[in-house]
Amino acid sequence: YDAARVAVSCYSYGGVMTSWMIGRYHDWCADIPSASVIDFADYYDQSETGIWIGSLLGSPHLAQNRRKYQEQSPATYLDQATTPTLIMQNVGDTNAPVGQAYTLYHALKDRGVESRFILSDVDGHGHGDPLHERQAYVLSLAWMNEHCGPAR
């Protein structure tokens, strides 16, 4: 085990968690969130699936619930992020709207965190086809090799 070579990466809800973790913990050599949601209040309004969060937290448009949304959203903690981050998102993902990825990218770049944003011309909440899936793996491995050292 080499603590300097530990990266965090995942897709969809896992992308949400990786985005949340980099704002709270600084143990990662690299981060790769994909199809992530950053701001839960915006997600509630902008996603076809965002309404489910209302069943957990209530409506973000009611004052008594707004704080819950803020406390749970990864965006709240990004001012503490330092991990080099590769963001991958599909332009046509209605589950994780592309605006969420832009929010993550700008929050990191504005704070000087090394970041790269890959936007794929794919509809849906997945890689779309084997070519895009392979591209995602190649980009992920290159990012990890660059920031965590080459695979052994």
# chains A, B, ... in the order shown; residues from 1 in each chain; ligands from 1
call {"tool": "residues_around", "arguments": {"residues": "range 137-149 of chain A", "least_positions_apart": "6", "cutoff": "9 Å", "atoms": "only C-alpha atoms", "output": "list in words"}}
result
Ala4, Arg5, Val6, Ala7, Ser9, Trp28, Cys29, Ala30, Asp31, Ile32, Pro84, Thr85 and Leu86 of chain A
call {"tool": "write_last_selection", "arguments": {"atoms": "N, CA, C and O atoms", "output": "PDB file, in the first residue's frame"}}
result
ATOM      1  N   ALA A   4       0.571   7.611  -1.270  1.00  0.00           N
ATOM      2  CA  ALA A   4       0.746   8.667  -2.267  1.00  0.00           C
ATOM      3  C   ALA A   4       0.165   8.284  -3.623  1.00  0.00           C
ATOM      4  O   ALA A   4       0.117   9.102  -4.531  1.00  0.00           O
ATOM      5  N   ARG A   5      -0.278   7.036  -3.770  1.00  0.00           N
ATOM      6  CA  ARG A   5      -0.806   6.562  -5.050  1.00  0.00           C
ATOM      7  C   ARG A   5      -2.289   6.192  -4.967  1.00  0.00           C
ATOM      8  O   ARG A   5      -2.781   5.433  -5.781  1.00  0.00           O
ATOM      9  N   VAL A   6      -2.998   6.749  -4.021  1.00  0.00           N
ATOM     10  CA  VAL A   6      -4.418   6.443  -3.866  1.00  0.00           C
ATOM     11  C   VAL A   6      -5.241   7.512  -4.574  1.00  0.00           C
ATOM     12  O   VAL A   6      -5.147   8.699  -4.261  1.00  0.00           O
ATOM     13  N   ALA A   7      -6.029   7.072  -5.538  1.00  0.00           N
ATOM     14  CA  ALA A   7      -6.907   7.966  -6.289  1.00  0.00           C
ATOM     15  C   ALA A   7      -8.348   7.605  -5.983  1.00  0.00           C
ATOM     16  O   ALA A   7      -8.636   6.530  -5.444  1.00  0.00           O
ATOM     17  N   SER A   9     -12.226   7.615  -7.875  1.00  0.00           N
ATOM     18  CA  SER A   9     -12.913   7.757  -9.151  1.00  0.00           C
ATOM     19  C   SER A   9     -14.180   6.921  -9.131  1.00  0.00           C
ATOM     20  O   SER A   9     -14.186   5.813  -8.600  1.00  0.00           O
ATOM     21  N   TRP A  28      -5.987  12.143  -1.635  1.00  0.00           N
ATOM     22  CA  TRP A  28      -6.007  11.549  -2.960  1.00  0.00           C
ATOM     23  C   TRP A  28      -4.969  12.195  -3.863  1.00  0.00           C
ATOM     24  O   TRP A  28      -4.777  13.400  -3.849  1.00  0.00           O
ATOM     25  N   CYS A  29      -4.304  11.383  -4.688  1.00  0.00           N
ATOM     26  CA  CYS A  29      -3.379  11.934  -5.675  1.00  0.00           C
ATOM     27  C   CYS A  29      -4.134  12.400  -6.923  1.00  0.00           C
ATOM     28  O   CYS A  29      -3.639  13.245  -7.670  1.00  0.00           O
ATOM     29  N   ALA A  30      -5.337  11.873  -7.138  1.00  0.00           N
ATOM     30  CA  ALA A  30      -6.149  12.260  -8.287  1.00  0.00           C
ATOM     31  C   ALA A  30      -7.606  11.925  -8.009  1.00  0.00           C
ATOM     32  O   ALA A  30      -7.913  11.050  -7.200  1.00  0.00           O
ATOM     33  N   ASP A  31      -8.484  12.649  -8.706  1.00  0.00           N
ATOM     34  CA  ASP A  31      -9.926  12.449  -8.590  1.00  0.00           C
ATOM     35  C   ASP A  31     -10.516  12.435  -9.996  1.00  0.00           C
ATOM     36  O   ASP A  31     -10.126  13.254 -10.841  1.00  0.00           O
ATOM     37  N   ILE A  32     -11.436  11.503 -10.248  1.00  0.00           N
ATOM     38  CA  ILE A  32     -12.102  11.441 -11.547  1.00  0.00           C
ATOM     39  C   ILE A  32     -13.590  11.186 -11.328  1.00  0.00           C
ATOM     40  O   ILE A  32     -14.053  10.049 -11.354  1.00  0.00           O
ATOM     41  N   PRO A  84      -6.076  17.167  -7.842  1.00  0.00           N
ATOM     42  CA  PRO A  84      -6.185  17.295  -9.297  1.00  0.00           C
ATOM     43  C   PRO A  84      -7.371  16.460  -9.793  1.00  0.00           C
ATOM     44  O   PRO A  84      -7.486  15.270  -9.464  1.00  0.00           O
ATOM     45  N   THR A  85      -8.247  17.091 -10.573  1.00  0.00           N
ATOM     46  CA  THR A  85      -9.528  16.474 -10.911  1.00  0.00           C
ATOM     47  C   THR A  85      -9.776  16.448 -12.409  1.00  0.00           C
ATOM     48  O   THR A  85      -9.701  17.482 -13.073  1.00  0.00           O
ATOM     49  N   LEU A  86     -10.074  15.264 -12.916  1.00  0.00           N
ATOM     50  CA  LEU A  86     -10.511  15.066 -14.293  1.00  0.00           C
ATOM     51  C   LEU A  86     -12.020  14.846 -14.252  1.00  0.00           C
ATOM     52  O   LEU A  86     -12.488  13.877 -13.653  1.00  0.00           O
TER      53      LEU A  86
END
call {"tool": "select_by_dssp", "arguments": {"residues": "range 38-136 of chain A", "states": "strand (DSSP E)", "output": "ChimeraX atom specification"}}
result
/A:85-92,115-123
call {"tool": "write_last_selection", "arguments": {"atoms": "C-alpha atoms", "output": "mmCIF file, in the first residue's frame"}}
result
data_model
loop_
_atom_site.group_PDB
_atom_site.id
_atom_site.type_symbol
_atom_site.label_atom_id
_atom_site.label_comp_id
_atom_site.auth_asym_id
_atom_site.auth_seq_id
_atom_site.Cartn_x
_atom_site.Cartn_y
_atom_site.Cartn_z
ATOM 1 C CA THR A 85 -9.528 16.474 -10.911
ATOM 2 C CA LEU A 86 -10.511 15.066 -14.293
ATOM 3 C CA ILE A 87 -14.228 15.680 -14.865
ATOM 4 C CA MET A 88 -16.027 13.565 -17.464
ATOM 5 C CA GLN A 89 -19.607 14.289 -18.462
ATOM 6 C CA ASN A 90 -22.013 13.569 -21.319
ATOM 7 C CA VAL A 91 -23.621 16.533 -23.007
ATOM 8 C CA GLY A 92 -26.963 14.685 -23.264
ATOM 9 C CA SER A 115 -8.643 20.409 -13.402
ATOM 10 C CA ARG A 116 -9.542 19.105 -16.823
ATOM 11 C CA PHE A 117 -13.067 18.851 -18.213
ATOM 12 C CA ILE A 118 -13.932 16.251 -20.869
ATOM 13 C CA LEU A 119 -17.374 16.689 -22.384
ATOM 14 C CA SER A 120 -18.539 13.798 -24.580
ATOM 15 C CA ASP A 121 -21.122 14.193 -27.314
ATOM 16 C CA VAL A 122 -23.193 11.321 -25.922
ATOM 17 C CA ASP A 123 -26.856 11.157 -24.997
#
call {"tool": "select_by_dssp", "arguments": {"residues": "range 1-103 of chain A", "states": "helix (DSSP H, G or I)", "output": "compact mmCIF listing (two decimals) with all heavy atoms, in the first residue's frame"}}
result
# COMPACT_ATOMS: atom_id res chain seq x y z
N ALA A 3 0.29 5.23 0.12
CA ALA A 3 -0.71 6.29 0.33
C ALA A 3 -0.61 7.40 -0.71
O ALA A 3 -1.61 8.04 -1.03
CB ALA A 3 -0.56 6.87 1.74
N ALA A 4 0.57 7.61 -1.27
CA ALA A 4 0.75 8.67 -2.27
C ALA A 4 0.17 8.28 -3.62
O ALA A 4 0.12 9.10 -4.53
CB ALA A 4 2.23 9.00 -2.41
N ARG A 5 -0.28 7.04 -3.77
CA ARG A 5 -0.81 6.56 -5.05
C ARG A 5 -2.29 6.19 -4.97
O ARG A 5 -2.78 5.43 -5.78
CB ARG A 5 0.00 5.37 -5.53
CG ARG A 5 1.44 5.73 -5.88
CD ARG A 5 2.27 4.52 -6.27
NE ARG A 5 1.60 3.58 -7.13
CZ ARG A 5 1.57 3.65 -8.46
NH1 ARG A 5 2.18 4.64 -9.08
NH2 ARG A 5 0.96 2.73 -9.17
N TYR A 13 -23.71 8.21 -8.96
CA TYR A 13 -23.71 8.53 -7.53
C TYR A 13 -22.30 8.44 -6.96
O TYR A 13 -21.92 9.22 -6.09
CB TYR A 13 -24.66 7.62 -6.75
CG TYR A 13 -24.70 7.98 -5.29
CD1 TYR A 13 -25.30 9.17 -4.88
CD2 TYR A 13 -24.10 7.17 -4.34
CE1 TYR A 13 -25.31 9.53 -3.54
CE2 TYR A 13 -24.11 7.53 -2.99
CZ TYR A 13 -24.72 8.70 -2.61
OH TYR A 13 -24.73 9.07 -1.29
N GLY A 14 -21.51 7.53 -7.47
CA GLY A 14 -20.10 7.45 -7.06
C GLY A 14 -19.35 8.72 -7.42
O GLY A 14 -18.45 9.16 -6.70
N GLY A 15 -19.70 9.33 -8.57
CA GLY A 15 -19.12 10.62 -8.94
C GLY A 15 -19.51 11.72 -7.97
O GLY A 15 -18.72 12.61 -7.67
N VAL A 16 -20.75 11.65 -7.49
CA VAL A 16 -21.19 12.60 -6.46
C VAL A 16 -20.32 12.43 -5.22
O VAL A 16 -19.83 13.41 -4.65
CB VAL A 16 -22.68 12.37 -6.09
CG1 VAL A 16 -23.09 13.25 -4.91
CG2 VAL A 16 -23.58 12.59 -7.28
N MET A 17 -20.11 11.19 -4.81
CA MET A 17 -19.32 10.93 -3.61
C MET A 17 -17.86 11.33 -3.78
O MET A 17 -17.26 11.86 -2.85
CB MET A 17 -19.43 9.46 -3.21
CG MET A 17 -20.84 9.06 -2.76
SD MET A 17 -21.57 10.17 -1.53
CE MET A 17 -20.41 10.08 -0.21
N THR A 18 -17.27 11.09 -4.96
CA THR A 18 -15.88 11.51 -5.15
C THR A 18 -15.77 13.03 -5.09
O THR A 18 -14.82 13.57 -4.52
CB THR A 18 -15.26 11.00 -6.47
OG1 THR A 18 -15.94 11.59 -7.57
CG2 THR A 18 -15.30 9.50 -6.55
N SER A 19 -16.77 13.72 -5.64
CA SER A 19 -16.77 15.19 -5.58
C SER A 19 -16.93 15.68 -4.15
O SER A 19 -16.34 16.68 -3.75
CB SER A 19 -17.90 15.74 -6.46
OG SER A 19 -17.70 15.35 -7.80
N TRP A 20 -17.73 14.99 -3.38
CA TRP A 20 -17.92 15.34 -1.97
C TRP A 20 -16.63 15.08 -1.18
O TRP A 20 -16.20 15.90 -0.37
CB TRP A 20 -19.08 14.54 -1.39
CG TRP A 20 -19.43 14.90 0.02
CD1 TRP A 20 -20.26 15.89 0.44
CD2 TRP A 20 -18.95 14.25 1.19
NE1 TRP A 20 -20.32 15.91 1.81
CE2 TRP A 20 -19.52 14.91 2.30
CE3 TRP A 20 -18.09 13.19 1.44
CZ2 TRP A 20 -19.27 14.53 3.61
CZ3 TRP A 20 -17.83 12.82 2.74
CH2 TRP A 20 -18.43 13.49 3.80
N MET A 21 -15.99 13.94 -1.45
CA MET A 21 -14.80 13.56 -0.69
C MET A 21 -13.63 14.50 -0.90
O MET A 21 -12.89 14.79 0.05
CB MET A 21 -14.38 12.12 -1.01
CG MET A 21 -15.33 11.11 -0.43
SD MET A 21 -14.77 9.39 -0.51
CE MET A 21 -14.46 9.14 -2.22
N ILE A 22 -13.43 15.03 -2.12
CA ILE A 22 -12.28 15.90 -2.34
C ILE A 22 -12.42 17.24 -1.62
O ILE A 22 -11.43 17.92 -1.38
CB ILE A 22 -11.95 16.12 -3.83
CG1 ILE A 22 -13.09 16.84 -4.54
CG2 ILE A 22 -11.58 14.81 -4.48
CD1 ILE A 22 -12.70 17.39 -5.90
N GLY A 23 -13.65 17.59 -1.27
CA GLY A 23 -13.85 18.80 -0.48
C GLY A 23 -13.68 18.58 1.01
O GLY A 23 -13.55 19.53 1.78
N ARG A 24 -13.68 17.35 1.42
CA ARG A 24 -13.59 17.03 2.85
C ARG A 24 -12.28 16.36 3.25
O ARG A 24 -11.85 16.46 4.38
CB ARG A 24 -14.74 16.09 3.24
CG ARG A 24 -16.13 16.63 2.96
CD ARG A 24 -16.47 17.88 3.75
NE ARG A 24 -16.64 17.64 5.15
CZ ARG A 24 -17.79 17.46 5.77
NH1 ARG A 24 -18.89 17.50 5.11
NH2 ARG A 24 -17.82 17.24 7.06
N PHE A 40 -27.29 19.97 -5.17
CA PHE A 40 -28.53 19.21 -5.12
C PHE A 40 -29.79 20.05 -5.36
O PHE A 40 -30.76 19.56 -5.89
CB PHE A 40 -28.65 18.46 -3.79
CG PHE A 40 -27.70 17.31 -3.65
CD1 PHE A 40 -27.48 16.75 -2.40
CD2 PHE A 40 -27.01 16.78 -4.72
CE1 PHE A 40 -26.60 15.67 -2.24
CE2 PHE A 40 -26.14 15.72 -4.58
CZ PHE A 40 -25.94 15.16 -3.35
N ALA A 41 -29.76 21.32 -4.99
CA ALA A 41 -30.93 22.17 -5.25
C ALA A 41 -31.09 22.38 -6.76
O ALA A 41 -32.21 22.29 -7.28
CB ALA A 41 -30.79 23.50 -4.53
N ASP A 42 -30.01 22.64 -7.45
CA ASP A 42 -30.08 22.77 -8.91
C ASP A 42 -30.48 21.45 -9.55
O ASP A 42 -31.23 21.42 -10.52
CB ASP A 42 -28.74 23.24 -9.48
CG ASP A 42 -28.48 24.71 -9.21
OD1 ASP A 42 -29.42 25.43 -8.81
OD2 ASP A 42 -27.32 25.13 -9.40
N TYR A 43 -29.96 20.36 -9.03
CA TYR A 43 -30.30 19.03 -9.53
C TYR A 43 -31.81 18.78 -9.41
O TYR A 43 -32.44 18.27 -10.34
CB TYR A 43 -29.51 17.99 -8.74
CG TYR A 43 -29.84 16.55 -8.99
CD1 TYR A 43 -29.67 15.98 -10.25
CD2 TYR A 43 -30.28 15.74 -7.96
CE1 TYR A 43 -29.94 14.64 -10.46
CE2 TYR A 43 -30.55 14.40 -8.17
CZ TYR A 43 -30.39 13.86 -9.42
OH TYR A 43 -30.65 12.53 -9.63
N TYR A 44 -32.40 19.17 -8.31
CA TYR A 44 -33.83 19.03 -8.10
C TYR A 44 -34.60 19.72 -9.22
O TYR A 44 -35.58 19.20 -9.75
CB TYR A 44 -34.20 19.64 -6.75
CG TYR A 44 -35.67 19.65 -6.42
CD1 TYR A 44 -36.25 18.58 -5.74
CD2 TYR A 44 -36.47 20.74 -6.75
CE1 TYR A 44 -37.61 18.59 -5.42
CE2 TYR A 44 -37.83 20.76 -6.44
CZ TYR A 44 -38.39 19.69 -5.78
OH TYR A 44 -39.72 19.70 -5.46
N ASP A 45 -34.14 20.90 -9.62
CA ASP A 45 -34.84 21.68 -10.64
C ASP A 45 -34.50 21.31 -12.07
O ASP A 45 -35.31 21.48 -12.96
CB ASP A 45 -34.52 23.17 -10.46
CG ASP A 45 -35.18 23.76 -9.24
OD1 ASP A 45 -36.21 23.23 -8.79
OD2 ASP A 45 -34.65 24.77 -8.72
N GLN A 46 -33.30 20.81 -12.32
CA GLN A 46 -32.81 20.67 -13.69
C GLN A 46 -32.73 19.26 -14.24
O GLN A 46 -32.42 19.08 -15.41
CB GLN A 46 -31.42 21.30 -13.79
CG GLN A 46 -31.41 22.76 -13.45
CD GLN A 46 -30.01 23.32 -13.30
OE1 GLN A 46 -29.01 22.62 -13.43
NE2 GLN A 46 -29.94 24.61 -13.03
N TRP A 52 -36.37 12.89 -7.05
CA TRP A 52 -36.26 11.88 -5.99
C TRP A 52 -35.63 12.45 -4.73
O TRP A 52 -35.95 12.05 -3.63
CB TRP A 52 -35.48 10.64 -6.45
CG TRP A 52 -34.00 10.87 -6.56
CD1 TRP A 52 -33.31 11.24 -7.66
CD2 TRP A 52 -33.03 10.76 -5.51
NE1 TRP A 52 -31.97 11.39 -7.38
CE2 TRP A 52 -31.77 11.10 -6.05
CE3 TRP A 52 -33.10 10.43 -4.16
CZ2 TRP A 52 -30.60 11.10 -5.31
CZ3 TRP A 52 -31.92 10.44 -3.42
CH2 TRP A 52 -30.69 10.77 -4.00
N ILE A 53 -34.72 13.41 -4.91
CA ILE A 53 -34.05 13.97 -3.73
C ILE A 53 -35.04 14.74 -2.86
O ILE A 53 -34.87 14.85 -1.66
CB ILE A 53 -32.83 14.82 -4.13
CG1 ILE A 53 -31.86 14.89 -2.96
CG2 ILE A 53 -33.22 16.20 -4.63
CD1 ILE A 53 -30.48 15.34 -3.32
N GLY A 54 -36.12 15.22 -3.49
CA GLY A 54 -37.17 15.89 -2.72
C GLY A 54 -37.84 14.96 -1.74
O GLY A 54 -38.28 15.38 -0.66
N SER A 55 -37.89 13.68 -2.08
CA SER A 55 -38.49 12.71 -1.15
C SER A 55 -37.61 12.51 0.08
O SER A 55 -38.08 12.09 1.13
CB SER A 55 -38.76 11.37 -1.85
OG SER A 55 -37.55 10.75 -2.22
N LEU A 56 -36.33 12.82 -0.04
CA LEU A 56 -35.40 12.71 1.09
C LEU A 56 -35.27 14.01 1.87
O LEU A 56 -35.21 13.99 3.10
CB LEU A 56 -34.02 12.29 0.59
CG LEU A 56 -33.91 10.95 -0.11
CD1 LEU A 56 -32.51 10.78 -0.68
CD2 LEU A 56 -34.27 9.82 0.81
N LEU A 57 -35.19 15.13 1.15
CA LEU A 57 -34.88 16.41 1.79
C LEU A 57 -36.02 17.41 1.74
O LEU A 57 -35.89 18.50 2.30
CB LEU A 57 -33.64 17.03 1.13
CG LEU A 57 -32.36 16.19 1.15
CD1 LEU A 57 -31.25 16.89 0.38
CD2 LEU A 57 -31.93 15.88 2.57
N ALA A 63 -37.96 27.30 2.80
CA ALA A 63 -36.86 27.79 3.65
C ALA A 63 -36.36 26.74 4.64
O ALA A 63 -35.16 26.62 4.87
CB ALA A 63 -37.28 29.05 4.38
N GLN A 64 -37.26 25.96 5.21
CA GLN A 64 -36.85 24.98 6.22
C GLN A 64 -36.02 23.84 5.64
O GLN A 64 -35.37 23.12 6.39
CB GLN A 64 -38.07 24.43 6.97
CG GLN A 64 -38.98 23.55 6.15
CD GLN A 64 -40.15 24.29 5.52
OE1 GLN A 64 -40.09 25.49 5.30
NE2 GLN A 64 -41.22 23.57 5.24
N ASN A 65 -36.00 23.69 4.31
CA ASN A 65 -35.24 22.60 3.70
C ASN A 65 -33.94 23.06 3.03
O ASN A 65 -33.07 22.24 2.77
CB ASN A 65 -36.10 21.90 2.65
CG ASN A 65 -37.33 21.28 3.24
OD1 ASN A 65 -37.34 20.89 4.40
ND2 ASN A 65 -38.39 21.20 2.47
N ARG A 66 -33.81 24.32 2.76
CA ARG A 66 -32.67 24.83 2.01
C ARG A 66 -31.33 24.47 2.66
O ARG A 66 -30.39 24.09 1.98
CB ARG A 66 -32.79 26.35 1.86
CG ARG A 66 -31.83 26.95 0.90
CD ARG A 66 -32.12 26.48 -0.49
NE ARG A 66 -31.10 27.02 -1.38
CZ ARG A 66 -30.90 26.60 -2.58
NH1 ARG A 66 -31.65 25.65 -3.09
NH2 ARG A 66 -29.96 27.11 -3.33
N ARG A 67 -31.25 24.56 3.97
CA ARG A 67 -30.00 24.24 4.67
C ARG A 67 -29.62 22.77 4.48
O ARG A 67 -28.45 22.44 4.33
CB ARG A 67 -30.14 24.57 6.15
CG ARG A 67 -28.86 24.33 6.91
CD ARG A 67 -28.97 24.73 8.34
NE ARG A 67 -27.78 24.29 9.04
CZ ARG A 67 -27.42 24.73 10.20
NH1 ARG A 67 -28.14 25.64 10.81
NH2 ARG A 67 -26.34 24.28 10.78
N LYS A 68 -30.61 21.87 4.48
CA LYS A 68 -30.32 20.45 4.26
C LYS A 68 -29.68 20.23 2.90
O LYS A 68 -28.73 19.45 2.77
CB LYS A 68 -31.60 19.62 4.38
CG LYS A 68 -32.15 19.53 5.79
CD LYS A 68 -33.33 18.59 5.85
CE LYS A 68 -34.61 19.29 5.46
NZ LYS A 68 -35.82 18.48 5.64
N TYR A 69 -30.19 20.91 1.90
CA TYR A 69 -29.60 20.79 0.55
C TYR A 69 -28.17 21.29 0.54
O TYR A 69 -27.29 20.66 -0.05
CB TYR A 69 -30.45 21.57 -0.46
CG TYR A 69 -31.61 20.78 -0.99
CD1 TYR A 69 -32.79 20.66 -0.26
CD2 TYR A 69 -31.53 20.12 -2.20
CE1 TYR A 69 -33.86 19.93 -0.73
CE2 TYR A 69 -32.59 19.38 -2.69
CZ TYR A 69 -33.75 19.29 -1.95
OH TYR A 69 -34.80 18.54 -2.41
N GLN A 70 -27.94 22.40 1.17
CA GLN A 70 -26.59 22.96 1.20
C GLN A 70 -25.62 22.04 1.94
O GLN A 70 -24.50 21.81 1.47
CB GLN A 70 -26.61 24.34 1.85
CG GLN A 70 -25.29 25.05 1.75
CD GLN A 70 -25.35 26.45 2.31
OE1 GLN A 70 -26.25 26.79 3.08
NE2 GLN A 70 -24.40 27.27 1.94
N GLU A 71 -26.04 21.49 3.07
CA GLU A 71 -25.16 20.62 3.85
C GLU A 71 -24.80 19.34 3.10
O GLU A 71 -23.72 18.78 3.29
CB GLU A 71 -25.83 20.26 5.17
CG GLU A 71 -25.90 21.40 6.15
CD GLU A 71 -26.72 21.08 7.39
OE1 GLU A 71 -27.43 20.04 7.40
OE2 GLU A 71 -26.67 21.86 8.34
N GLN A 72 -25.70 18.83 2.26
CA GLN A 72 -25.49 17.57 1.56
C GLN A 72 -24.78 17.73 0.22
O GLN A 72 -24.25 16.76 -0.31
CB GLN A 72 -26.82 16.85 1.36
CG GLN A 72 -27.51 16.47 2.65
CD GLN A 72 -26.69 15.51 3.48
OE1 GLN A 72 -26.09 14.57 2.98
NE2 GLN A 72 -26.63 15.76 4.78
N PRO A 74 -22.07 18.45 -2.61
CA PRO A 74 -20.62 18.54 -2.73
C PRO A 74 -20.13 19.96 -2.98
O PRO A 74 -19.05 20.33 -2.52
CB PRO A 74 -20.30 17.63 -3.93
CG PRO A 74 -21.42 16.64 -3.94
CD PRO A 74 -22.63 17.41 -3.50
N ALA A 75 -20.90 20.78 -3.67
CA ALA A 75 -20.48 22.15 -3.99
C ALA A 75 -20.14 22.95 -2.73
O ALA A 75 -19.26 23.81 -2.76
CB ALA A 75 -21.58 22.87 -4.77
N THR A 76 -20.79 22.65 -1.64
CA THR A 76 -20.59 23.37 -0.39
C THR A 76 -19.16 23.25 0.12
O THR A 76 -18.64 24.16 0.75
CB THR A 76 -21.57 22.86 0.68
OG1 THR A 76 -22.90 23.07 0.19
CG2 THR A 76 -21.40 23.55 2.01
N TYR A 77 -18.50 22.16 -0.18
CA TYR A 77 -17.18 21.86 0.39
C TYR A 77 -16.03 22.04 -0.60
O TYR A 77 -14.87 21.82 -0.24
CB TYR A 77 -17.19 20.45 0.97
CG TYR A 77 -18.34 20.26 1.91
CD1 TYR A 77 -19.51 19.62 1.50
CD2 TYR A 77 -18.29 20.79 3.19
CE1 TYR A 77 -20.59 19.50 2.36
CE2 TYR A 77 -19.37 20.68 4.06
CZ TYR A 77 -20.51 20.02 3.63
OH TYR A 77 -21.59 19.91 4.48
N LEU A 78 -16.34 22.43 -1.83
CA LEU A 78 -15.29 22.51 -2.84
C LEU A 78 -14.27 23.61 -2.59
O LEU A 78 -13.18 23.59 -3.17
CB LEU A 78 -15.91 22.65 -4.23
CG LEU A 78 -16.63 21.40 -4.73
CD1 LEU A 78 -17.33 21.69 -6.05
CD2 LEU A 78 -15.69 20.22 -4.84
N ASP A 79 -14.57 24.55 -1.72
CA ASP A 79 -13.59 25.58 -1.40
C ASP A 79 -12.39 25.01 -0.65
O ASP A 79 -11.36 25.66 -0.52
CB ASP A 79 -14.22 26.73 -0.62
CG ASP A 79 -14.78 26.31 0.73
OD1 ASP A 79 -15.06 25.11 0.94
OD2 ASP A 79 -14.95 27.19 1.59
N GLN A 80 -12.51 23.78 -0.20
CA GLN A 80 -11.41 23.10 0.49
C GLN A 80 -10.68 22.08 -0.39
O GLN A 80 -9.73 21.45 0.04
CB GLN A 80 -11.96 22.39 1.73
CG GLN A 80 -12.65 23.33 2.71
CD GLN A 80 -13.43 22.56 3.76
OE1 GLN A 80 -12.90 21.67 4.39
NE2 GLN A 80 -14.69 22.93 3.91
N VAL A 98 -25.38 18.57 -17.68
CA VAL A 98 -24.03 19.04 -17.96
C VAL A 98 -23.67 20.28 -17.14
O VAL A 98 -22.50 20.50 -16.81
CB VAL A 98 -23.85 19.27 -19.48
CG1 VAL A 98 -24.67 20.46 -19.95
CG2 VAL A 98 -22.39 19.43 -19.83
N GLY A 99 -24.65 21.07 -16.77
CA GLY A 99 -24.38 22.25 -15.94
C GLY A 99 -23.74 21.90 -14.61
O GLY A 99 -22.97 22.69 -14.06
N GLN A 100 -24.04 20.72 -14.09
CA GLN A 100 -23.42 20.27 -12.85
C GLN A 100 -21.91 20.11 -13.01
O GLN A 100 -21.14 20.48 -12.13
CB GLN A 100 -24.05 18.95 -12.40
CG GLN A 100 -25.52 19.06 -12.06
CD GLN A 100 -25.75 19.74 -10.72
OE1 GLN A 100 -25.03 19.48 -9.75
NE2 GLN A 100 -26.74 20.60 -10.67
N ALA A 101 -21.48 19.58 -14.16
CA ALA A 101 -20.05 19.41 -14.42
C ALA A 101 -19.36 20.77 -14.58
O ALA A 101 -18.23 20.96 -14.13
CB ALA A 101 -19.83 18.55 -15.65
N TYR A 102 -20.04 21.69 -15.24
CA TYR A 102 -19.48 23.04 -15.37
C TYR A 102 -19.32 23.69 -13.99
O TYR A 102 -18.33 24.38 -13.73
CB TYR A 102 -20.36 23.92 -16.26
CG TYR A 102 -20.13 23.71 -17.74
CD1 TYR A 102 -21.06 23.03 -18.51
CD2 TYR A 102 -19.00 24.21 -18.35
CE1 TYR A 102 -20.86 22.84 -19.87
CE2 TYR A 102 -18.78 24.04 -19.71
CZ TYR A 102 -19.72 23.35 -20.47
OH TYR A 102 -19.51 23.17 -21.80
N THR A 103 -20.29 23.49 -13.13
CA THR A 103 -20.20 24.03 -11.76
C THR A 103 -18.97 23.48 -11.06
O THR A 103 -18.20 24.22 -10.43
CB THR A 103 -21.47 23.71 -10.96
OG1 THR A 103 -22.59 24.34 -11.59
CG2 THR A 103 -21.36 24.18 -9.52
call {"tool": "atom_distance", "arguments": {"atom1": "CA of Ala96 in chain A", "atom2": "CA of Ile51 in chain A"}}
result
12.3 Å
call {"tool": "closest_residue", "arguments": {"among": "A:Asp110, A:Asp93, A:Asp2, A:Asp129", "to": "Asp27 in chain A", "atoms": "only C-alpha atoms"}}
result
A:Asp2
call {"tool": "atom_distance", "arguments": {"atom1": "CA of Ala35 in chain A", "atom2": "CA of Tyr105 in chain A"}}
result
12.7 Å
call {"tool": "decode", "arguments": {"residues": "range 5-13 of chain A", "atoms": "N, CA and C atoms", "output": "CSV table (one decimal), in the first residue's frame"}}
result
chain,number,residue,atom,x,y,z
A,5,ARG,N,-0.3,7.0,-3.8
A,5,ARG,CA,-0.8,6.6,-5.0
A,5,ARG,C,-2.3,6.2,-5.0
A,6,VAL,N,-3.0,6.7,-4.0
A,6,VAL,CA,-4.4,6.4,-3.9
A,6,VAL,C,-5.2,7.5,-4.6
A,7,ALA,N,-6.0,7.1,-5.5
A,7,ALA,CA,-6.9,8.0,-6.3
A,7,ALA,C,-8.3,7.6,-6.0
A,8,VAL,N,-9.2,8.5,-6.3
A,8,VAL,CA,-10.7,8.3,-6.1
A,8,VAL,C,-11.4,8.6,-7.5
A,9,SER,N,-12.2,7.6,-7.9
A,9,SER,CA,-12.9,7.8,-9.2
A,9,SER,C,-14.2,6.9,-9.1
A,10,CYS,N,-15.2,7.5,-9.7
A,10,CYS,CA,-16.5,6.7,-9.8
A,10,CYS,C,-17.4,7.4,-10.8
A,11,TYR,N,-18.5,6.7,-11.0
A,11,TYR,CA,-19.5,7.2,-12.0
A,11,TYR,C,-20.9,7.4,-11.3
A,12,SER,N,-21.6,8.4,-11.7
A,12,SER,CA,-23.0,8.6,-11.3
A,12,SER,C,-23.0,9.0,-9.8
A,13,TYR,N,-23.7,8.2,-9.0
A,13,TYR,CA,-23.7,8.5,-7.5
A,13,TYR,C,-22.3,8.4,-7.0
